[in-house]
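Coordinates from target25.pdb are shown below (PDB, C-alpha atoms, pLDDT in the B column).
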MODEL        1
ATOM      1  CA  ASP A   1     -43.183 -13.465  -7.759  1.00 49.00           C
ATOM      2  CA  GLY A   2     -42.645 -12.781 -11.449  1.00 48.00           C
ATOM      3  CA  GLY A   3     -43.229 -16.399 -12.532  1.00 51.00           C
ATOM      4  CA  PRO A   4     -40.922 -17.628 -15.303  1.00 55.00           C
ATOM      5  CA  LEU A   5     -39.592 -14.105 -15.820  1.00 50.00           C
ATOM      6  CA  ALA A   6     -38.482 -13.670 -12.193  1.00 57.00           C
ATOM      7  CA  ALA A   7     -34.797 -14.198 -13.027  1.00 62.00           C
ATOM      8  CA  ALA A   8     -35.002 -11.706 -15.908  1.00 53.00           C
ATOM      9  CA  TYR A   9     -36.661  -9.113 -13.652  1.00 50.00           C
ATOM     10  CA  GLU A  10     -33.964  -9.601 -11.040  1.00 65.00           C
ATOM     11  CA  ASP A  11     -31.184  -9.235 -13.635  1.00 59.00           C
ATOM     12  CA  PHE A  12     -32.821  -6.090 -15.009  1.00 54.00           C
ATOM     13  CA  ASN A  13     -33.135  -4.526 -11.548  1.00 61.00           C
ATOM     14  CA  THR A  14     -29.513  -5.386 -10.794  1.00 65.00           C
ATOM     15  CA  MET A  15     -28.377  -3.810 -14.066  1.00 59.00           C
ATOM     16  CA  ALA A  16     -30.477  -0.700 -13.406  1.00 61.00           C
ATOM     17  CA  GLY A  17     -28.937  -0.344  -9.973  1.00 59.00           C
ATOM     18  CA  GLU A  18     -25.402  -0.710 -11.351  1.00 52.00           C
ATOM     19  CA  LEU A  19     -26.085   1.870 -14.078  1.00 56.00           C
ATOM     20  CA  GLN A  20     -27.428   4.298 -11.477  1.00 61.00           C
ATOM     21  CA  SER A  21     -24.306   3.755  -9.383  1.00 56.00           C
ATOM     22  CA  VAL A  22     -22.051   4.424 -12.369  1.00 56.00           C
ATOM     23  CA  GLN A  23     -24.025   7.549 -13.253  1.00 61.00           C
ATOM     24  CA  THR A  24     -23.696   8.820  -9.677  1.00 60.00           C
ATOM     25  CA  LEU A  25     -19.935   8.242  -9.761  1.00 55.00           C
ATOM     26  CA  ARG A  26     -19.674  10.031 -13.108  1.00 60.00           C
ATOM     27  CA  ASN A  27     -21.639  12.999 -11.789  1.00 61.00           C
ATOM     28  CA  ASP A  28     -19.398  13.144  -8.716  1.00 58.00           C
ATOM     29  CA  PHE A  29     -16.370  12.921 -11.007  1.00 58.00           C
ATOM     30  CA  ILE A  30     -17.543  15.856 -13.124  1.00 64.00           C
ATOM     31  CA  GLN A  31     -17.969  17.971  -9.992  1.00 62.00           C
ATOM     32  CA  ASN A  32     -14.572  16.929  -8.627  1.00 60.00           C
ATOM     33  CA  PHE A  33     -12.976  17.359 -12.053  1.00 63.00           C
ATOM     34  CA  SER A  34     -14.323  20.911 -12.303  1.00 65.00           C
ATOM     35  CA  HIS A  35     -13.191  21.743  -8.781  1.00 62.00           C
ATOM     36  CA  GLU A  36      -9.700  20.286  -9.182  1.00 64.00           C
ATOM     37  CA  PHE A  37      -9.100  22.065 -12.493  1.00 72.00           C
ATOM     38  CA  LYS A  38     -10.658  25.371 -11.451  1.00 75.00           C
ATOM     39  CA  THR A  39      -8.499  25.713  -8.330  1.00 75.00           C
ATOM     40  CA  PRO A  40      -5.039  25.697 -10.009  1.00 77.00           C
ATOM     41  CA  ILE A  41      -6.291  27.798 -12.926  1.00 84.00           C
ATOM     42  CA  SER A  42      -7.610  30.415 -10.505  1.00 84.00           C
ATOM     43  CA  ALA A  43      -4.291  30.391  -8.657  1.00 84.00           C
ATOM     44  CA  ILE A  44      -2.300  30.795 -11.875  1.00 87.00           C
ATOM     45  CA  VAL A  45      -4.488  33.698 -13.026  1.00 88.00           C
ATOM     46  CA  GLY A  46      -4.369  35.380  -9.609  1.00 88.00           C
ATOM     47  CA  PHE A  47      -0.611  35.159  -9.144  1.00 86.00           C
ATOM     48  CA  THR A  48       0.023  36.192 -12.750  1.00 90.00           C
ATOM     49  CA  GLU A  49      -1.946  39.364 -12.096  1.00 90.00           C
ATOM     50  CA  LEU A  50       0.123  39.995  -8.952  1.00 89.00           C
ATOM     51  CA  LEU A  51       3.314  39.605 -10.991  1.00 89.00           C
ATOM     52  CA  GLN A  52       2.096  42.358 -13.297  1.00 90.00           C
ATOM     53  CA  GLU A  53       1.889  44.852 -10.430  1.00 89.00           C
ATOM     54  CA  PRO A  54       4.611  47.516 -10.938  1.00 88.00           C
ATOM     55  CA  ASP A  55       5.609  47.489  -7.260  1.00 88.00           C
ATOM     56  CA  CYS A  56       5.996  43.679  -7.017  1.00 88.00           C
ATOM     57  CA  ALA A  57       9.074  43.002  -4.865  1.00 89.00           C
ATOM     58  CA  PRO A  58      11.719  40.543  -6.176  1.00 87.00           C
ATOM     59  CA  GLU A  59      11.189  38.131  -3.261  1.00 88.00           C
ATOM     60  CA  ASP A  60       7.434  38.169  -3.848  1.00 88.00           C
ATOM     61  CA  ARG A  61       7.977  37.653  -7.570  1.00 88.00           C
ATOM     62  CA  ALA A  62      10.033  34.514  -6.886  1.00 90.00           C
ATOM     63  CA  GLN A  63       7.356  33.157  -4.551  1.00 89.00           C
ATOM     64  CA  TYR A  64       4.554  33.853  -7.047  1.00 88.00           C
ATOM     65  CA  LEU A  65       6.494  32.153  -9.857  1.00 91.00           C
ATOM     66  CA  ASP A  66       7.012  29.113  -7.643  1.00 88.00           C
ATOM     67  CA  VAL A  67       3.272  28.849  -6.961  1.00 87.00           C
ATOM     68  CA  ILE A  68       2.466  29.233 -10.675  1.00 89.00           C
ATOM     69  CA  SER A  69       4.975  26.484 -11.510  1.00 88.00           C
ATOM     70  CA  GLN A  70       3.498  24.108  -8.903  1.00 81.00           C
ATOM     71  CA  GLU A  71      -0.070  24.703 -10.043  1.00 83.00           C
ATOM     72  CA  ALA A  72       0.882  24.258 -13.711  1.00 85.00           C
ATOM     73  CA  ARG A  73       2.482  20.896 -12.870  1.00 80.00           C
ATOM     74  CA  ARG A  74      -0.647  19.953 -10.961  1.00 75.00           C
ATOM     75  CA  LEU A  75      -2.786  20.701 -14.016  1.00 80.00           C
ATOM     76  CA  ALA A  76      -0.482  18.613 -16.186  1.00 78.00           C
ATOM     77  CA  ASP A  77      -0.686  15.689 -13.742  1.00 73.00           C
ATOM     78  CA  LEU A  78      -4.487  15.870 -13.650  1.00 73.00           C
ATOM     79  CA  ALA A  79      -4.699  15.904 -17.431  1.00 75.00           C
ATOM     80  CA  GLU A  80      -2.228  13.012 -17.731  1.00 75.00           C
ATOM     81  CA  SER A  81      -4.139  10.858 -15.227  1.00 71.00           C
ATOM     82  CA  THR A  82      -7.457  11.497 -16.955  1.00 71.00           C
ATOM     83  CA  LEU A  83      -6.015  10.620 -20.369  1.00 73.00           C
ATOM     84  CA  LEU A  84      -4.238   7.527 -19.030  1.00 77.00           C
ATOM     85  CA  ILE A  85      -7.324   5.998 -17.390  1.00 72.00           C
ATOM     86  CA  SER A  86      -9.270   6.605 -20.612  1.00 72.00           C
ATOM     87  CA  LYS A  87      -6.636   4.800 -22.686  1.00 73.00           C
ATOM     88  CA  LEU A  88      -6.399   1.933 -20.226  1.00 75.00           C
ATOM     89  CA  ASP A  89     -10.183   1.521 -20.232  1.00 71.00           C
ATOM     90  CA  THR A  90     -10.311   1.264 -24.006  1.00 69.00           C
ATOM     91  CA  GLN A  91      -7.091  -0.775 -24.131  1.00 62.00           C
ATOM     92  CA  ALA A  92      -5.789   1.773 -26.628  1.00 53.00           C
ATOM     93  CA  MET A  93      -2.437   1.420 -24.881  1.00 58.00           C
ATOM     94  CA  PRO A  94      -1.289  -2.231 -25.134  1.00 66.00           C
ATOM     95  CA  LEU A  95       1.177  -3.304 -22.453  1.00 77.00           C
ATOM     96  CA  LYS A  96       4.662  -4.283 -23.551  1.00 83.00           C
ATOM     97  CA  ARG A  97       6.471  -7.343 -22.220  1.00 91.00           C
ATOM     98  CA  VAL A  98      10.098  -6.399 -21.627  1.00 94.00           C
ATOM     99  CA  PRO A  99      12.302  -8.176 -19.044  1.00 96.00           C
ATOM    100  CA  TYR A 100      13.719  -5.696 -16.523  1.00 96.00           C
ATOM    101  CA  ALA A 101      14.801  -5.431 -12.866  1.00 97.00           C
ATOM    102  CA  LEU A 102      11.581  -4.831 -10.942  1.00 97.00           C
ATOM    103  CA  ASP A 103      13.377  -4.318  -7.622  1.00 97.00           C
ATOM    104  CA  GLU A 104      15.517  -1.536  -9.098  1.00 97.00           C
ATOM    105  CA  GLN A 105      12.441   0.189 -10.510  1.00 97.00           C
ATOM    106  CA  ILE A 106      10.717   0.191  -7.119  1.00 97.00           C
ATOM    107  CA  LYS A 107      13.886   1.559  -5.478  1.00 96.00           C
ATOM    108  CA  GLN A 108      14.083   4.389  -8.018  1.00 95.00           C
ATOM    109  CA  CYS A 109      10.426   5.272  -7.465  1.00 95.00           C
ATOM    110  CA  ALA A 110      10.944   5.289  -3.690  1.00 95.00           C
ATOM    111  CA  ILE A 111      13.935   7.633  -3.995  1.00 94.00           C
ATOM    112  CA  LEU A 112      11.682  10.212  -5.661  1.00 92.00           C
ATOM    113  CA  PHE A 113       9.756  10.516  -2.378  1.00 93.00           C
ATOM    114  CA  SER A 114      12.799  10.671  -0.081  1.00 92.00           C
ATOM    115  CA  ASP A 115      12.487  14.439   0.467  1.00 92.00           C
ATOM    116  CA  ALA A 116       8.764  14.110   1.201  1.00 92.00           C
ATOM    117  CA  TRP A 117       9.150  11.419   3.857  1.00 91.00           C
ATOM    118  CA  ALA A 118      12.199  13.185   5.334  1.00 92.00           C
ATOM    119  CA  LYS A 119      10.140  16.378   5.821  1.00 93.00           C
ATOM    120  CA  LYS A 120       7.520  14.387   7.712  1.00 95.00           C
ATOM    121  CA  GLN A 121      10.167  12.392   9.598  1.00 95.00           C
ATOM    122  CA  ILE A 122       8.702   9.175   8.271  1.00 96.00           C
ATOM    123  CA  THR A 123      10.772   6.019   8.736  1.00 96.00           C
ATOM    124  CA  PHE A 124      11.088   4.241   5.389  1.00 96.00           C
ATOM    125  CA  SER A 125      12.311   0.666   4.968  1.00 96.00           C
ATOM    126  CA  ALA A 126      12.459  -1.733   2.051  1.00 96.00           C
ATOM    127  CA  GLU A 127      13.143  -5.431   1.656  1.00 96.00           C
ATOM    128  CA  LEU A 128      13.215  -6.187  -2.049  1.00 97.00           C
ATOM    129  CA  GLU A 129      14.241  -9.514  -3.488  1.00 96.00           C
ATOM    130  CA  GLU A 130      16.056  -9.282  -6.811  1.00 95.00           C
ATOM    131  CA  VAL A 131      13.392  -9.948  -9.414  1.00 95.00           C
ATOM    132  CA  THR A 132      13.427  -9.818 -13.201  1.00 95.00           C
ATOM    133  CA  TYR A 133       9.918  -9.189 -14.486  1.00 96.00           C
ATOM    134  CA  ALA A 134       8.611  -9.207 -18.064  1.00 95.00           C
ATOM    135  CA  GLY A 135       6.315  -6.225 -18.270  1.00 93.00           C
ATOM    136  CA  ASP A 136       5.789  -2.657 -19.457  1.00 92.00           C
ATOM    137  CA  PRO A 137       8.237  -0.544 -17.387  1.00 93.00           C
ATOM    138  CA  GLU A 138       6.440   2.738 -18.071  1.00 89.00           C
ATOM    139  CA  MET A 139       3.039   1.390 -17.027  1.00 90.00           C
ATOM    140  CA  MET A 140       4.416  -0.505 -14.013  1.00 94.00           C
ATOM    141  CA  ARG A 141       6.025   2.701 -12.803  1.00 93.00           C
ATOM    142  CA  HIS A 142       2.546   4.204 -12.363  1.00 92.00           C
ATOM    143  CA  ILE A 143       1.713   1.433  -9.882  1.00 95.00           C
ATOM    144  CA  TRP A 144       4.623   2.109  -7.529  1.00 97.00           C
ATOM    145  CA  LEU A 145       4.448   5.902  -7.803  1.00 93.00           C
ATOM    146  CA  ASN A 146       0.743   5.944  -6.938  1.00 92.00           C
ATOM    147  CA  LEU A 147       1.048   3.517  -4.022  1.00 96.00           C
ATOM    148  CA  LEU A 148       4.092   5.291  -2.564  1.00 96.00           C
ATOM    149  CA  SER A 149       2.540   8.722  -3.089  1.00 93.00           C
ATOM    150  CA  ASN A 150      -0.574   7.706  -1.165  1.00 91.00           C
ATOM    151  CA  ALA A 151       1.494   6.157   1.611  1.00 95.00           C
ATOM    152  CA  VAL A 152       3.483   9.375   2.089  1.00 94.00           C
ATOM    153  CA  LYS A 153       0.412  11.600   1.713  1.00 92.00           C
ATOM    154  CA  TYR A 154      -1.700   9.805   4.304  1.00 92.00           C
ATOM    155  CA  THR A 155       0.999   8.902   6.836  1.00 95.00           C
ATOM    156  CA  PRO A 156       1.389  11.526   9.587  1.00 93.00           C
ATOM    157  CA  GLU A 157       4.693  12.852  10.895  1.00 94.00           C
ATOM    158  CA  GLY A 158       6.804  10.232  12.636  1.00 94.00           C
ATOM    159  CA  GLY A 159       5.021   7.366  10.894  1.00 95.00           C
ATOM    160  CA  GLU A 160       6.435   4.367   9.056  1.00 96.00           C
ATOM    161  CA  ILE A 161       6.302   3.091   5.482  1.00 97.00           C
ATOM    162  CA  GLU A 162       7.558  -0.331   4.454  1.00 97.00           C
ATOM    163  CA  VAL A 163       7.906  -1.910   1.008  1.00 98.00           C
ATOM    164  CA  ARG A 164       8.513  -5.620   0.533  1.00 97.00           C
ATOM    165  CA  MET A 165       8.834  -7.783  -2.569  1.00 97.00           C
ATOM    166  CA  ALA A 166       9.319 -11.526  -2.785  1.00 95.00           C
ATOM    167  CA  ARG A 167       9.009 -14.148  -5.480  1.00 94.00           C
ATOM    168  CA  ARG A 168       6.550 -16.957  -4.878  1.00 90.00           C
ATOM    169  CA  GLU A 169       6.004 -20.216  -6.706  1.00 88.00           C
ATOM    170  CA  ASP A 170       3.113 -18.734  -8.666  1.00 89.00           C
ATOM    171  CA  GLY A 171       4.351 -15.159  -9.097  1.00 94.00           C
ATOM    172  CA  ILE A 172       5.590 -11.993  -7.409  1.00 97.00           C
ATOM    173  CA  ALA A 173       4.123 -10.259  -4.355  1.00 97.00           C
ATOM    174  CA  VAL A 174       4.807  -6.593  -3.630  1.00 98.00           C
ATOM    175  CA  THR A 175       3.511  -5.082  -0.386  1.00 97.00           C
ATOM    176  CA  VAL A 176       3.347  -1.384   0.505  1.00 97.00           C
ATOM    177  CA  SER A 177       2.328  -0.777   4.113  1.00 97.00           C
ATOM    178  CA  ASP A 178       2.030   2.397   6.177  1.00 96.00           C
ATOM    179  CA  THR A 179       0.985   3.622   9.604  1.00 96.00           C
ATOM    180  CA  GLY A 180      -1.249   6.307   8.112  1.00 93.00           C
ATOM    181  CA  ILE A 181      -4.827   7.390   8.695  1.00 92.00           C
ATOM    182  CA  GLY A 182      -6.248   4.143   7.331  1.00 92.00           C
ATOM    183  CA  MET A 183      -9.640   3.624   5.701  1.00 90.00           C
ATOM    184  CA  THR A 184     -13.129   2.661   6.801  1.00 89.00           C
ATOM    185  CA  PRO A 185     -14.695  -0.544   5.417  1.00 88.00           C
ATOM    186  CA  GLU A 186     -16.920   1.647   3.214  1.00 87.00           C
ATOM    187  CA  VAL A 187     -13.944   3.393   1.608  1.00 86.00           C
ATOM    188  CA  GLN A 188     -12.120   0.076   1.129  1.00 85.00           C
ATOM    189  CA  THR A 189     -15.127  -1.256  -0.770  1.00 83.00           C
ATOM    190  CA  HIS A 190     -14.849   1.519  -3.376  1.00 80.00           C
ATOM    191  CA  ILE A 191     -11.151   2.435  -3.235  1.00 86.00           C
ATOM    192  CA  PHE A 192     -10.390   1.031  -6.708  1.00 83.00           C
ATOM    193  CA  ASP A 193     -13.531   2.427  -8.342  1.00 74.00           C
ATOM    194  CA  LYS A 194     -13.072   5.020 -11.026  1.00 65.00           C
ATOM    195  CA  TYR A 195     -13.826   8.598  -9.960  1.00 58.00           C
ATOM    196  CA  TYR A 196     -14.198   7.590  -6.282  1.00 61.00           C
ATOM    197  CA  GLN A 197     -12.713   9.871  -3.620  1.00 61.00           C
ATOM    198  CA  GLY A 198     -12.729   8.792  -0.011  1.00 61.00           C
ATOM    199  CA  ASP A 199     -11.934  12.375   0.988  1.00 54.00           C
ATOM    200  CA  LEU A 200     -14.841  14.498  -0.199  1.00 42.00           C
ATOM    201  CA  SER A 201     -13.585  17.625   1.581  1.00 39.00           C
ATOM    202  CA  HIS A 202     -10.945  18.294  -1.117  1.00 41.00           C
ATOM    203  CA  GLN A 203      -8.307  18.556   1.609  1.00 44.00           C
ATOM    204  CA  THR A 204      -6.133  16.288  -0.528  1.00 47.00           C
ATOM    205  CA  LYS A 205      -5.467  17.053  -4.171  1.00 50.00           C
ATOM    206  CA  GLY A 206      -6.499  14.699  -6.936  1.00 50.00           C
ATOM    207  CA  LEU A 207      -9.379  13.198  -8.876  1.00 52.00           C
ATOM    208  CA  GLY A 208      -9.492   9.791  -7.238  1.00 62.00           C
ATOM    209  CA  LEU A 209      -8.013   8.184 -10.355  1.00 75.00           C
ATOM    210  CA  GLY A 210      -4.663   7.007  -8.968  1.00 83.00           C
ATOM    211  CA  LEU A 211      -5.801   3.703  -7.487  1.00 90.00           C
ATOM    212  CA  SER A 212      -8.120   3.107 -10.451  1.00 86.00           C
ATOM    213  CA  ILE A 213      -5.077   3.376 -12.708  1.00 87.00           C
ATOM    214  CA  VAL A 214      -3.135   1.004 -10.445  1.00 92.00           C
ATOM    215  CA  HIS A 215      -5.981  -1.522 -10.421  1.00 92.00           C
ATOM    216  CA  ARG A 216      -6.411  -1.431 -14.196  1.00 89.00           C
ATOM    217  CA  ILE A 217      -2.693  -1.878 -14.947  1.00 91.00           C
ATOM    218  CA  VAL A 218      -2.410  -4.781 -12.488  1.00 94.00           C
ATOM    219  CA  GLU A 219      -5.521  -6.295 -14.083  1.00 90.00           C
ATOM    220  CA  LEU A 220      -4.036  -5.994 -17.588  1.00 89.00           C
ATOM    221  CA  CYS A 221      -0.932  -7.771 -16.268  1.00 91.00           C
ATOM    222  CA  GLY A 222      -3.128 -10.692 -15.196  1.00 92.00           C
ATOM    223  CA  GLY A 223      -2.568  -9.939 -11.511  1.00 94.00           C
ATOM    224  CA  HIS A 224      -4.614  -8.570  -8.664  1.00 95.00           C
ATOM    225  CA  ILE A 225      -4.337  -6.016  -5.856  1.00 96.00           C
ATOM    226  CA  THR A 226      -5.782  -6.166  -2.352  1.00 94.00           C
ATOM    227  CA  VAL A 227      -5.978  -3.749   0.567  1.00 94.00           C
ATOM    228  CA  GLN A 228      -6.250  -4.251   4.301  1.00 94.00           C
ATOM    229  CA  SER A 229      -6.789  -1.156   6.410  1.00 93.00           C
ATOM    230  CA  THR A 230      -7.912   0.010   9.830  1.00 92.00           C
ATOM    231  CA  PRO A 231      -8.869   3.651  10.528  1.00 93.00           C
ATOM    232  CA  GLY A 232      -6.140   5.328  12.547  1.00 91.00           C
ATOM    233  CA  GLU A 233      -3.716   2.416  12.185  1.00 92.00           C
ATOM    234  CA  GLY A 234      -2.671   2.347   8.538  1.00 94.00           C
ATOM    235  CA  SER A 235      -3.084   0.428   5.285  1.00 95.00           C
ATOM    236  CA  VAL A 236      -1.443  -2.509   3.552  1.00 96.00           C
ATOM    237  CA  PHE A 237      -1.646  -2.777  -0.242  1.00 97.00           C
ATOM    238  CA  GLN A 238      -0.469  -5.988  -1.861  1.00 97.00           C
ATOM    239  CA  VAL A 239       0.105  -6.346  -5.589  1.00 97.00           C
ATOM    240  CA  PHE A 240       0.372  -9.863  -6.984  1.00 97.00           C
ATOM    241  CA  LEU A 241       1.867 -10.353 -10.443  1.00 96.00           C
ATOM    242  CA  PRO A 242       1.938 -13.732 -12.204  1.00 93.00           C
ATOM    243  CA  GLY A 243       5.172 -14.893 -13.742  1.00 80.00           C
TER     244      GLY A 243
ENDMDL
END
Would you give me this structure, written as C-alpha cells?
Amino acid sequence: DGGPLAAAYEDFNTMAGELQSVQTLRNDFIQNFSHEFKTPISAIVGFTELLQEPDCAPEDRAQYLDVISQEARRLADLAESTLLISKLDTQAMPLKRVPYALDEQIKQCAILFSDAWAKKQITFSAELEEVTYAGDPEMMRHIWLNLLSNAVKYTPEGGEIEVRMARREDGIAVTVSDTGIGMTPEVQTHIFDKYYQGDLSHQTKGLGLGLSIVHRIVELCGGHITVQSTPGEGSVFQVFLPG
C-alpha cells in the first residue's frame, strides 16, 4: 500500500497523469496549428498563381482577390489568438481598470455579427441592463466577440441567440444562450482547456483557443464562466464579473 509514502506516490502519479494530458493537448495543438496555418497559405499561393495566368478574366480576378484577402485575414486572426493566449498565460499583458459602459460594448460587439445572423435567419435578442464596469475594454471585448462568434457559428438557420446582462448584489452576470448544436458532457469538460477542439474534423476554422482566451481573461478579472449545454438543443454561457 506504499506505507508512509502512499500519499507521495499518489501525488506523483496524479502529477504524471496531468503532465501526460498536457503533453497530449500540446501535440494535438501542434497538429491543428500546422493544419490551420497550412490551409490558408496553400489557398493564397494557389490563387496568386491563378492571378498570374495571362488569360485570367476580370470577374475571376476579383473572386481570387477576395479569397486571398479572406485567407490573409484568417492567418492574421490565428497569429493574434496564439500571441494573445501566450501573453495572458505569462501575465505579460496586465489588465487595466477603466470605468466604461459594459452594456454599450456588448451591443457594439453584437452589431458586428448582424450580417452573419441575418444570412442564417437567426433571431437575435438582447436584454442588457445599463452597467458601468471598471475593466480593460480591449481585453473584455475578446470575451463578447468569442462568445457571440461561437453562438452564430454553431447555431443553424432559423435558430435563436439571446444575450442578457444584469447587475447582482455581488457582481454582474452576462448570459449568452443559443439554440445551436450543443455539446456533449465530454466536450463541456474540456471546452475551456487550451488547444482543445471539440470538432476534430476541421469543419470549423480555428485553433480551439477562443474559449481559452475567454476563460483566462474572466479569471484575471476575478470572475468565472460556466456552460450548460445539451447536444442538439443549444448552449448557455454565463460570465460572472465581481464589482
From A:Glu59, A:Asp77, A:Asp103, A:Glu49, residue lying nearest Gly210 (chain A) [only C-alpha atoms]: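 Going through A:Glu59, A:Asp77, A:Asp103, A:Glu49 one by one, the smallest distance to Gly210 (chain A) is for A:Asp77.
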Explicit residue set for the PyMOL selection byres ((chain A and resi 240) around 9), as a list in words: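 So the PyMOL selection byres ((chain A and resi 240) around 9) ends up selecting Gly171, Ile172, Ala173, Val174, Thr175, Val218, Gly222, Gly223, His224, Ile225, Thr226, Gln238, Val239, Leu241 and Pro242 of chain A.
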Of the listed residues A:Leu78, A:Ile122, A:Ile143, A:Leu128, that which approaches Cys109 (chain A) most closely, counting only C-alpha atoms: A:Ile143
Selection result of the PyMOL selection byres ((chain A and resi 41-48) around 10) on this file, as a PyMOL selection string: chain A and resi 36-40+49-53+61+63-72+74-75
Exercise: Ile111 (chain A) partners within 12 Å, only C-alpha atoms, chain neighbours under 2 positions left out, as a PyMOL selection string: chain A and resi 104-109+113-118+124-126+144-145+148-149
List the spatial neighbours of Leu147 (chain A) as a PDB file with C-alpha atoms, in the frame of the given file - criterion: any atom at most 9 Å away, only C-alpha atoms, same-chain residues fewer than 5 positions off excluded.
ATOM      1  CA  HIS A 142       2.546   4.204 -12.363  1.00 92.00           C
ATOM      2  CA  VAL A 152       3.483   9.375   2.089  1.00 94.00           C
ATOM      3  CA  VAL A 176       3.347  -1.384   0.505  1.00 97.00           C
ATOM      4  CA  GLY A 210      -4.663   7.007  -8.968  1.00 83.00           C
ATOM      5  CA  LEU A 211      -5.801   3.703  -7.487  1.00 90.00           C
ATOM      6  CA  VAL A 214      -3.135   1.004 -10.445  1.00 92.00           C
ATOM      7  CA  PHE A 237      -1.646  -2.777  -0.242  1.00 97.00           C
TER       8      PHE A 237
END
Residue with smallest distance to Pro99 (chain A) - pool A:Ala76, A:Ala62, A:Ala57, A:Val131, counting all atoms listed in the file: A:Val131
Shell of 7 Å around Gly135 (chain A), all atoms listed in the file, local chain residues under 4 positions omitted, as number ranges by chain: A: 96-99
Listed atoms of region 158-167 of chain A, axis-aligned box, 3 Å per side: centre and edge lengths to one decimal in Å, as JSON?
{"center_x": 7.2, "center_y": -2.0, "center_z": 3.6, "size_x": 10.3, "size_y": 30.4, "size_z": 24.1}
Within 8 Å of Glu127 (chain A) using all atoms listed in the file, minus same-chain residues under 6 positions, as a PyMOL selection string: chain A and resi 163-165
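Separating CA of Val227 (chain A) from CA of Pro156 (chain A) is a distance of 19.2 Å.
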